$ cat upload_9.txt   # compact mmCIF, C-alpha atoms
# COMPACT_ATOMS: atom_id res chain seq x y z
CA MET A 21 17.49 -17.84 -5.29
CA ARG A 22 15.46 -16.32 -8.14
CA ALA A 23 14.69 -12.61 -8.05
CA ALA A 24 13.33 -9.83 -10.25
CA VAL A 25 16.40 -7.72 -11.06
CA ILE A 26 16.54 -4.18 -12.43
CA THR A 27 19.35 -4.53 -14.99
CA GLN A 28 19.35 -0.80 -15.82
CA PHE A 29 16.96 2.12 -15.37
CA GLY A 30 14.12 2.23 -17.87
CA GLY A 31 10.83 0.62 -18.86
CA PRO A 32 9.45 -2.75 -17.76
CA GLU A 33 11.70 -4.52 -20.26
CA VAL A 34 14.79 -3.83 -18.09
CA LEU A 35 13.51 -6.34 -15.52
CA GLU A 36 14.95 -9.86 -15.65
CA ILE A 37 14.54 -12.97 -13.51
CA GLN A 38 18.04 -13.90 -12.37
CA ASP A 39 19.72 -16.22 -9.88
CA VAL A 40 21.22 -14.09 -7.12
CA PRO A 41 22.82 -14.87 -3.74
CA MET A 42 20.37 -15.59 -0.94
CA PRO A 43 20.41 -13.02 1.87
CA GLU A 44 21.28 -14.10 5.41
CA ALA A 45 19.47 -13.21 8.63
CA VAL A 46 21.77 -11.86 11.32
CA ALA A 47 21.18 -10.38 14.78
CA ASP A 48 17.55 -9.15 14.95
CA GLN A 49 16.68 -10.11 11.37
CA VAL A 50 14.45 -12.87 10.00
CA LEU A 51 14.83 -14.70 6.68
CA VAL A 52 11.44 -15.18 5.03
CA ARG A 53 10.74 -17.57 2.18
CA VAL A 54 8.47 -15.42 0.02
CA TYR A 55 5.35 -16.98 -1.49
CA ALA A 56 3.75 -13.75 -2.72
CA SER A 57 4.67 -10.08 -3.07
CA ALA A 58 2.60 -7.13 -4.26
CA LEU A 59 3.56 -4.33 -6.63
CA ASN A 60 3.58 -0.68 -5.59
CA ARG A 61 4.14 2.60 -7.41
CA ALA A 62 7.49 2.86 -5.66
CA ASP A 63 8.62 -0.30 -7.50
CA LEU A 64 7.88 1.36 -10.84
CA LEU A 65 9.74 4.51 -9.82
CA GLN A 66 12.71 2.52 -8.53
CA ARG A 67 12.90 0.71 -11.87
CA LYS A 68 13.00 4.08 -13.64
CA GLY A 69 15.76 5.36 -11.33
CA GLU A 70 13.47 7.92 -9.70
CA TYR A 71 13.12 6.39 -6.21
CA PRO A 72 16.28 4.82 -4.74
CA ALA A 73 15.79 2.12 -2.13
CA PRO A 74 16.58 3.09 1.48
CA ALA A 75 20.05 2.35 2.82
CA GLY A 76 20.47 -1.32 3.58
CA SER A 77 17.90 -2.47 1.00
CA PRO A 78 18.75 -3.87 -2.46
CA GLN A 79 18.91 -1.19 -5.13
CA ASP A 80 18.35 -3.65 -7.97
CA ILE A 81 15.59 -5.88 -6.54
CA PRO A 82 12.20 -4.16 -6.02
CA GLY A 83 9.46 -5.25 -3.66
CA LEU A 84 8.09 -3.46 -0.58
CA GLU A 85 5.78 -6.12 0.86
CA PHE A 86 5.72 -9.86 1.18
CA ALA A 87 3.93 -12.90 2.56
CA GLY A 88 5.70 -16.15 3.33
CA GLU A 89 7.09 -18.34 6.07
CA ILE A 90 10.10 -17.96 8.30
CA ALA A 91 13.11 -19.89 7.00
CA ALA A 92 15.71 -18.76 9.57
CA VAL A 93 16.07 -16.29 12.45
CA GLY A 94 19.00 -14.23 13.68
CA ALA A 95 20.62 -14.87 17.05
CA LEU A 96 18.87 -11.92 18.74
CA VAL A 97 15.35 -12.68 17.47
CA ILE A 98 12.73 -13.37 20.16
CA GLY A 99 9.16 -14.51 19.56
CA TRP A 100 9.45 -15.85 16.01
CA GLN A 101 10.14 -19.43 14.95
CA VAL A 102 10.99 -21.21 11.72
CA GLY A 103 7.82 -22.20 9.85
CA GLN A 104 5.56 -19.39 11.06
CA ARG A 105 3.43 -17.68 8.41
CA VAL A 106 4.26 -13.97 8.35
CA PHE A 107 3.83 -10.85 6.26
CA GLY A 108 5.03 -7.28 6.34
CA ILE A 109 6.80 -4.41 4.63
CA SER A 110 10.45 -4.01 3.67
CA GLY A 111 12.66 -1.32 2.17
CA GLY A 112 12.99 -3.44 -0.96
CA GLY A 113 14.05 -6.85 -2.20
CA ALA A 114 10.72 -8.63 -1.65
CA GLN A 115 10.18 -9.60 -5.29
CA ALA A 116 12.44 -12.59 -4.80
CA GLU A 117 12.19 -16.08 -3.37
CA TYR A 118 13.71 -14.94 -0.06
CA VAL A 119 13.85 -11.61 1.76
CA VAL A 120 15.39 -10.46 5.05
CA ALA A 121 13.22 -8.37 7.38
CA HIS A 122 13.58 -6.89 10.84
CA ALA A 123 11.85 -9.14 13.37
CA ARG A 124 9.72 -6.31 14.76
CA MET A 125 8.42 -5.49 11.27
CA LEU A 126 6.69 -8.86 10.94
CA MET A 127 3.04 -9.71 11.53
CA GLU A 128 1.50 -13.16 11.73
CA ILE A 129 -0.84 -14.00 8.84
CA PRO A 130 -4.42 -14.57 10.08
CA ALA A 131 -5.57 -18.18 9.96
CA GLY A 132 -7.12 -19.22 6.67
CA MET A 133 -5.75 -16.29 4.68
CA SER A 134 -3.93 -17.17 1.45
CA TRP A 135 -0.44 -16.00 0.63
CA THR A 136 -1.82 -13.85 -2.20
CA GLU A 137 -4.34 -12.13 0.06
CA ALA A 138 -1.75 -11.56 2.77
CA ALA A 139 0.72 -10.00 0.32
CA ALA A 140 -1.94 -7.49 -0.76
CA ILE A 141 -2.34 -6.06 2.75
CA PRO A 142 0.80 -4.55 4.36
CA GLU A 143 1.79 -1.52 2.28
CA ALA A 144 -1.75 -0.42 1.35
CA PHE A 145 -3.40 -0.92 4.70
CA ILE A 146 -0.56 0.35 6.89
CA THR A 147 -0.28 3.47 4.70
CA ALA A 148 -4.03 4.14 4.87
CA HIS A 149 -4.31 3.31 8.57
CA ASP A 150 -1.38 5.56 9.49
CA ALA A 151 -2.65 8.44 7.35
CA LEU A 152 -6.30 8.30 8.47
CA TRP A 153 -6.52 6.79 11.93
CA ILE A 154 -3.20 8.06 13.30
CA GLN A 155 -2.17 11.29 11.55
CA ALA A 156 -5.56 12.69 10.49
CA ARG A 157 -7.17 11.42 13.73
CA LEU A 158 -10.28 10.35 11.87
CA ARG A 159 -13.38 10.10 14.04
CA PRO A 160 -16.82 8.47 13.66
CA ASN A 161 -19.34 10.28 11.46
CA GLU A 162 -16.70 12.35 9.67
CA ARG A 163 -16.73 12.53 5.87
CA VAL A 164 -13.64 11.40 3.93
CA LEU A 165 -12.89 11.99 0.24
CA ILE A 166 -10.45 9.50 -1.32
CA ASN A 167 -8.97 10.38 -4.70
CA ALA A 168 -7.87 7.36 -6.82
CA VAL A 169 -10.22 5.29 -4.71
CA GLY A 170 -9.76 2.22 -6.94
CA SER A 171 -6.08 1.87 -6.05
CA GLY A 172 -4.78 -0.53 -3.42
CA VAL A 173 -4.44 2.22 -0.82
CA GLY A 174 -7.77 3.72 -1.87
CA LEU A 175 -9.75 0.51 -1.35
CA ALA A 176 -7.96 -0.11 1.95
CA ALA A 177 -8.89 3.42 3.01
CA VAL A 178 -12.57 2.90 2.17
CA GLN A 179 -12.69 -0.08 4.50
CA LEU A 180 -10.79 1.63 7.31
CA VAL A 181 -13.07 4.67 7.08
CA LYS A 182 -16.13 2.45 7.37
CA ALA A 183 -14.59 0.39 10.19
CA ILE A 184 -14.14 3.48 12.36
CA GLY A 185 -17.70 4.63 11.74
CA ALA A 186 -16.97 7.45 9.29
CA GLN A 187 -18.27 7.92 5.73
CA ALA A 188 -16.13 7.28 2.65
CA PHE A 189 -16.52 9.03 -0.71
CA GLY A 190 -14.21 8.74 -3.67
CA THR A 191 -13.14 9.62 -7.19
CA ALA A 192 -11.81 7.41 -9.97
CA ARG A 193 -11.37 7.48 -13.73
CA THR A 194 -13.74 4.58 -14.42
CA GLN A 195 -17.17 3.58 -13.20
CA SER A 196 -16.03 0.01 -12.54
CA LYS A 197 -13.53 1.25 -9.94
CA LEU A 198 -16.23 3.28 -8.23
CA GLU A 199 -18.55 0.27 -8.15
CA ARG A 200 -15.83 -1.87 -6.56
CA ALA A 201 -15.32 0.76 -3.87
CA LYS A 202 -19.06 0.93 -3.22
CA ARG A 203 -19.16 -2.82 -2.62
CA LEU A 204 -16.54 -2.29 0.09
CA GLY A 205 -18.51 0.45 1.83
CA MET A 206 -18.04 3.70 -0.08
CA VAL A 207 -21.14 5.88 0.25
CA ASP A 208 -20.85 7.65 -3.09
CA GLY A 209 -18.27 8.58 -5.72
CA TRP A 210 -17.59 10.56 -8.87
CA MET A 211 -15.82 9.70 -12.11
CA VAL A 212 -13.28 12.47 -12.72
CA GLY A 213 -10.07 12.88 -14.67
CA SER A 214 -8.68 16.17 -13.38
CA GLY A 215 -8.59 18.48 -10.41
CA LYS A 216 -11.02 20.89 -12.09
CA GLU A 217 -13.54 18.09 -12.52
CA LEU A 218 -13.04 17.21 -8.86
CA SER A 219 -13.84 20.77 -7.79
CA ARG A 220 -17.15 20.63 -9.66
CA ALA A 221 -18.10 17.08 -8.63
CA ALA A 222 -17.36 17.32 -4.93
CA ALA A 223 -18.20 20.96 -4.28
CA GLU A 224 -20.94 20.34 -1.70
CA PRO A 225 -21.19 19.22 1.00
CA LYS A 226 -17.68 19.57 2.35
CA PHE A 227 -15.32 16.91 3.68
CA ASP A 228 -13.50 16.66 7.00
CA VAL A 229 -10.59 14.71 5.53
CA VAL A 230 -9.21 14.25 2.00
CA LEU A 231 -6.85 11.36 1.31
CA GLU A 232 -4.96 12.48 -1.79
CA LEU A 233 -3.42 9.60 -3.75
CA ALA A 234 -3.18 11.35 -7.13
CA GLY A 235 -1.60 14.73 -6.41
CA GLY A 236 -1.05 17.28 -9.18
CA ASP A 237 -3.97 19.58 -9.90
CA TYR A 238 -6.25 17.46 -7.71
CA VAL A 239 -4.80 19.29 -4.70
CA GLY A 240 -6.49 22.56 -5.63
CA GLY A 241 -9.83 20.76 -5.78
CA ASP A 242 -9.08 19.16 -2.42
CA LEU A 243 -8.75 22.53 -0.73
CA ALA A 244 -12.08 23.66 -2.17
CA ALA A 245 -13.75 20.43 -1.06
CA LEU A 246 -12.52 20.57 2.53
CA ALA A 247 -14.68 21.89 5.34
CA LEU A 248 -13.58 24.35 8.02
CA LYS A 249 -10.56 22.92 9.90
CA GLY A 250 -10.36 20.07 7.37
CA ARG A 251 -7.29 17.85 7.02
CA LEU A 252 -5.59 17.09 3.71
CA MET A 253 -3.37 13.99 3.70
CA LEU A 254 -0.97 13.96 0.74
CA VAL A 255 0.11 10.39 0.01
CA GLY A 256 0.63 9.97 -3.75
CA THR A 257 1.64 11.89 -6.85
CA MET A 258 0.34 9.72 -9.72
CA ALA A 259 -1.11 12.88 -11.35
CA GLY A 260 2.03 14.94 -10.76
CA SER A 261 4.18 16.37 -7.98
CA ILE A 262 3.50 20.05 -8.76
CA ALA A 263 0.26 21.77 -7.72
CA ASN A 264 -1.13 25.29 -7.98
CA ILE A 265 -3.10 26.04 -4.83
CA ASN A 266 -5.10 28.90 -3.39
CA LEU A 267 -3.38 29.67 -0.10
CA SER A 268 -6.26 31.88 1.00
CA LEU A 269 -8.38 28.72 1.31
CA VAL A 270 -5.79 27.19 3.61
CA LEU A 271 -5.80 30.32 5.76
CA THR A 272 -9.50 31.16 5.89
CA LYS A 273 -10.62 27.55 6.42
CA ARG A 274 -7.72 26.92 8.83
CA LEU A 275 -6.83 23.75 6.98
CA ARG A 276 -4.10 21.29 7.91
CA VAL A 277 -2.01 19.91 5.05
CA THR A 278 0.17 16.89 5.84
CA GLY A 279 2.53 15.02 3.56
CA THR A 280 3.33 11.42 4.42
CA VAL A 281 5.45 8.55 3.12
CA LEU A 282 6.15 5.11 4.55
CA ARG A 283 9.09 3.54 2.74
CA SER A 284 11.71 6.21 3.48
CA ARG A 285 10.92 6.58 7.18
CA PRO A 286 13.50 5.59 9.78
CA LEU A 287 13.29 1.95 10.83
CA GLU A 288 11.85 2.68 14.29
CA GLU A 289 9.03 4.75 12.78
CA LYS A 290 8.14 1.95 10.37
CA ILE A 291 8.20 -0.53 13.22
CA ALA A 292 5.84 1.71 15.22
CA ALA A 293 3.44 2.08 12.26
CA THR A 294 3.44 -1.70 11.73
CA GLN A 295 2.85 -2.53 15.36
CA VAL A 296 0.00 -0.08 15.90
CA PHE A 297 -1.65 -1.40 12.72
CA ALA A 298 -1.24 -4.97 13.98
CA LYS A 299 -2.89 -4.00 17.26
CA GLU A 300 -5.74 -1.82 16.00
CA ALA A 301 -6.64 -3.07 12.53
CA LEU A 302 -5.26 -6.56 11.90
CA PRO A 303 -7.89 -8.25 14.15
CA LEU A 304 -10.60 -6.77 11.90
CA PHE A 305 -9.60 -9.11 9.06
CA ALA A 306 -10.54 -12.17 11.15
CA LYS A 307 -13.89 -10.51 11.94
CA GLY A 308 -14.58 -9.88 8.26
CA GLU A 309 -14.66 -6.09 8.67
CA LEU A 310 -11.56 -5.69 6.49
CA GLN A 311 -10.49 -7.72 3.48
CA ALA A 312 -7.58 -7.85 1.07
CA VAL A 313 -8.44 -6.68 -2.44
CA VAL A 314 -6.44 -8.52 -5.10
CA GLY A 315 -6.99 -7.04 -8.53
CA GLN A 316 -4.69 -9.20 -10.64
CA THR A 317 -2.14 -11.94 -9.99
CA PHE A 318 1.01 -12.66 -12.02
CA SER A 319 3.78 -15.19 -11.59
CA LEU A 320 7.32 -14.00 -10.85
CA ASN A 321 8.24 -14.97 -14.42
CA GLN A 322 5.63 -12.44 -15.59
CA ILE A 323 7.26 -9.51 -13.79
CA VAL A 324 7.53 -7.44 -17.01
CA GLU A 325 3.84 -7.96 -17.79
CA ALA A 326 2.93 -7.11 -14.19
CA HIS A 327 4.76 -3.77 -14.38
CA ARG A 328 3.16 -2.94 -17.71
CA TYR A 329 -0.28 -3.76 -16.34
CA MET A 330 0.18 -1.54 -13.30
CA GLU A 331 1.52 1.33 -15.39
CA SER A 332 -1.62 1.15 -17.53
CA ASN A 333 -3.69 2.05 -14.43
CA SER A 334 -6.07 -0.78 -15.30
CA ASN A 335 -5.93 -2.43 -11.90
CA THR A 336 -8.57 -2.15 -9.22
CA GLY A 337 -6.93 -3.22 -5.99
CA LYS A 338 -3.50 -4.76 -5.64
CA VAL A 339 -1.33 -6.39 -8.30
CA VAL A 340 0.24 -9.46 -6.69
CA LEU A 341 3.18 -11.65 -7.73
CA SER A 342 3.08 -15.36 -6.92
CA MET A 343 6.59 -16.61 -6.32
CA ARG A 344 5.77 -20.30 -6.60
CA GLU A 345 2.95 -22.40 -7.99
CA GLU A 346 1.68 -23.19 -4.50
CA SER A 347 1.75 -19.53 -3.42
CA ASN A 348 -2.04 -19.21 -3.33
CA VAL A 349 -2.50 -22.16 -0.99
CA ALA A 350 -3.12 -20.96 2.56
CA GLY A 351 -1.19 -22.86 5.16
CA HIS A 352 1.45 -24.38 2.86
CA ARG A 353 4.45 -25.60 4.82
CA GLY A 354 8.00 -26.61 4.00
CA ILE A 355 11.27 -24.88 3.31

$ encode --input "upload_9.txt" --output "structure tokens"
Amino acid sequence: MRAAVITQFGGPEVLEIQDVPMPEAVADQVLVRVYASALNRADLLQRKGEYPAPAGSPQDIPGLEFAGEIAAVGALVIGWQVGQRVFGISGGGAQAEYVVAHARMLMEIPAGMSWTEAAAIPEAFITAHDALWIQARLRPNERVLINAVGSGVGLAAVQLVKAIGAQAFGTARTQSKLERAKRLGMVDGWMVGSGKELSRAAAEPKFDVVLELAGGDYVGGDLAALALKGRLMLVGTMAGSIANINLSLVLTKRLRVTGTVLRSRPLEEKIAATQVFAKEALPLFAKGELQAVVGQTFSLNQIVEAHRYMESNSNTGKVVLSMREESNVAGHRGI
């Protein structure tokens, strides 16, 4: 099969499309023929040698999410059949023509949804759903600030905040990203480029929850922006992994600060996050309350260009790789 291979650690140019052995599904695993896969920041870090894949996942083939159809099932798999249209997350290896996934990590693609749209959903929406609905226990009428709101997770979060009856606000570096978020339900937003600018822009009124996708000096602004007993969810570090914070704000406001990741969790925790998302949020796509946000699509052969584009921070929404020419055709069949 063809796959995007990290030939050595470095810039986008170290990626090559190579023929590699096809994985095999054994026991409780499923072999999926991939039609589309989306890029994530973890792919860029893995390419640089800064984020090793979890044990059992390919170290040289990136890709944390996929959409495709089942090509084979292991002997212990129950409930899935060859030919079903599925999508989900993996520890890596999804930027290839085939990927192996645990059967309980799969979700069925809603009817009428294209491969490209489906590939843009799992990592962003499961991350946002788990952080907001599950860990932060977001409730109707609460106010949520989302930093880097134009990212894939950010735009997923805006929709999930609205779906639960809360109010979404956000920050971004460009007005076009803010406008895209507003079309998806964001109440208001601010164009900022640093944590100090965030502190000034979002000083009043306060927020019940902050979803932090940038990190760095934004965290200090988050603490100032939070209301009494507010919850800060730390998800990303695009702006840096070191922050100077005023601990007195954490104490006097009785704030809760929670760090969260998805990829490096134990398998059973990722299965649980996937299954609760499938139960609570996936039906909302069929109702039109949630939608995939595809910012830009590249072919697998354009993997270097795709990485460069994502590193430029130009994208609004997800950057998706089409594995085959027919990958955007919903309902395509055939192995």

$ atom_distance --input "upload_9.txt" --atom1 "atom CA of A:Arg193" --atom2 "atom CA of A:Ala247"
24.1 Å

$ residues_around --input "upload_9.txt" --residues "A:Gln66" --least-positions-apart "3" --cutoff "10 Å" --atoms "all atoms listed in the file" --output "number ranges by chain"
A: 26, 29-30, 61-63, 69-73, 79-83, 112

$ closest_residue --input "upload_9.txt" --among "A:Leu175, A:Ile262, A:Ala183, A:Leu126" --to "A:Thr294" --atoms "all atoms listed in the file"
A:Leu126

$ residues_around --input "upload_9.txt" --residues "A:Ile109" --least-positions-apart "4" --cutoff "9 Å" --atoms "only C-alpha atoms" --output "ChimeraX atom specification"
/A:83-86,114,121,125-126,142-143,283,290,294

$ closest_residue --input "upload_9.txt" --among "A:Gly132, A:Gln49, A:Leu59, A:Val120" --to "A:Glu325" --atoms "only C-alpha atoms"
A:Leu59

$ residues_around --input "upload_9.txt" --residues "A:Gly337" --least-positions-apart "5" --cutoff "10 Å" --atoms "all atoms listed in the file" --output "ChimeraX atom specification"
/A:140,144,169-176,197,200-201,312-316

$ atom_distance --input "upload_9.txt" --atom1 "atom CA of A:Arg163" --atom2 "atom CA of A:Ala139"
29.0 Å

$ residues_around --input "upload_9.txt" --residues "A:Arg159" --least-positions-apart "2" --cutoff "9 Å" --atoms "only C-alpha atoms" --output "MDAnalysis selection string"
chainID A and resid 153 156:157 161:162 181 184:186

$ closest_residue --input "upload_9.txt" --among "A:Ile141, A:Val93, A:Leu180, A:Val239" --to "A:Ser261" --atoms "all atoms listed in the file"
A:Val239

$ residues_around --input "upload_9.txt" --residues "A:Ala168" --least-positions-apart "4" --cutoff "7 Å" --atoms "only C-alpha atoms" --output "list in words"
Gly174, Thr191, Ala192, Leu233 and Ala234 of chain A

$ build_atoms --input "upload_9.txt" --residues "stretch 42-56 of chain A" --atoms "N, CA and C atoms" --output "CSV table (one decimal), in the frame of the given file"
chain,number,residue,atom,x,y,z
A,42,MET,N,21.4,-15.7,-1.9
A,42,MET,CA,20.4,-15.6,-0.9
A,42,MET,C,20.8,-14.7,0.2
A,43,PRO,N,20.0,-13.8,0.7
A,43,PRO,CA,20.4,-13.0,1.9
A,43,PRO,C,20.5,-13.9,3.1
A,44,GLU,N,21.2,-13.4,4.1
A,44,GLU,CA,21.3,-14.1,5.4
A,44,GLU,C,20.7,-13.2,6.5
A,45,ALA,N,20.0,-13.9,7.5
A,45,ALA,CA,19.5,-13.2,8.6
A,45,ALA,C,20.5,-13.2,9.7
A,46,VAL,N,20.8,-12.0,10.2
A,46,VAL,CA,21.8,-11.9,11.3
A,46,VAL,C,21.1,-11.0,12.4
A,47,ALA,N,21.6,-11.2,13.6
A,47,ALA,CA,21.2,-10.4,14.8
A,47,ALA,C,19.7,-10.4,14.9
A,48,ASP,N,19.0,-9.2,14.7
A,48,ASP,CA,17.6,-9.2,15.0
A,48,ASP,C,16.8,-9.3,13.6
A,49,GLN,N,17.3,-9.9,12.7
A,49,GLN,CA,16.7,-10.1,11.4
A,49,GLN,C,16.1,-11.5,11.2
A,50,VAL,N,15.1,-11.6,10.3
A,50,VAL,CA,14.4,-12.9,10.0
A,50,VAL,C,14.5,-13.1,8.5
A,51,LEU,N,14.9,-14.3,8.1
A,51,LEU,CA,14.8,-14.7,6.7
A,51,LEU,C,13.5,-15.3,6.4
A,52,VAL,N,12.8,-14.7,5.4
A,52,VAL,CA,11.4,-15.2,5.0
A,52,VAL,C,11.5,-15.8,3.6
A,53,ARG,N,10.9,-17.0,3.5
A,53,ARG,CA,10.7,-17.6,2.2
A,53,ARG,C,9.5,-17.0,1.6
A,54,VAL,N,9.6,-16.2,0.6
A,54,VAL,CA,8.5,-15.4,0.0
A,54,VAL,C,7.6,-16.3,-0.9
A,55,TYR,N,6.3,-16.3,-0.6
A,55,TYR,CA,5.4,-17.0,-1.5
A,55,TYR,C,4.6,-16.0,-2.4
A,56,ALA,N,4.4,-14.8,-1.9
A,56,ALA,CA,3.8,-13.8,-2.7
A,56,ALA,C,4.3,-12.4,-2.3
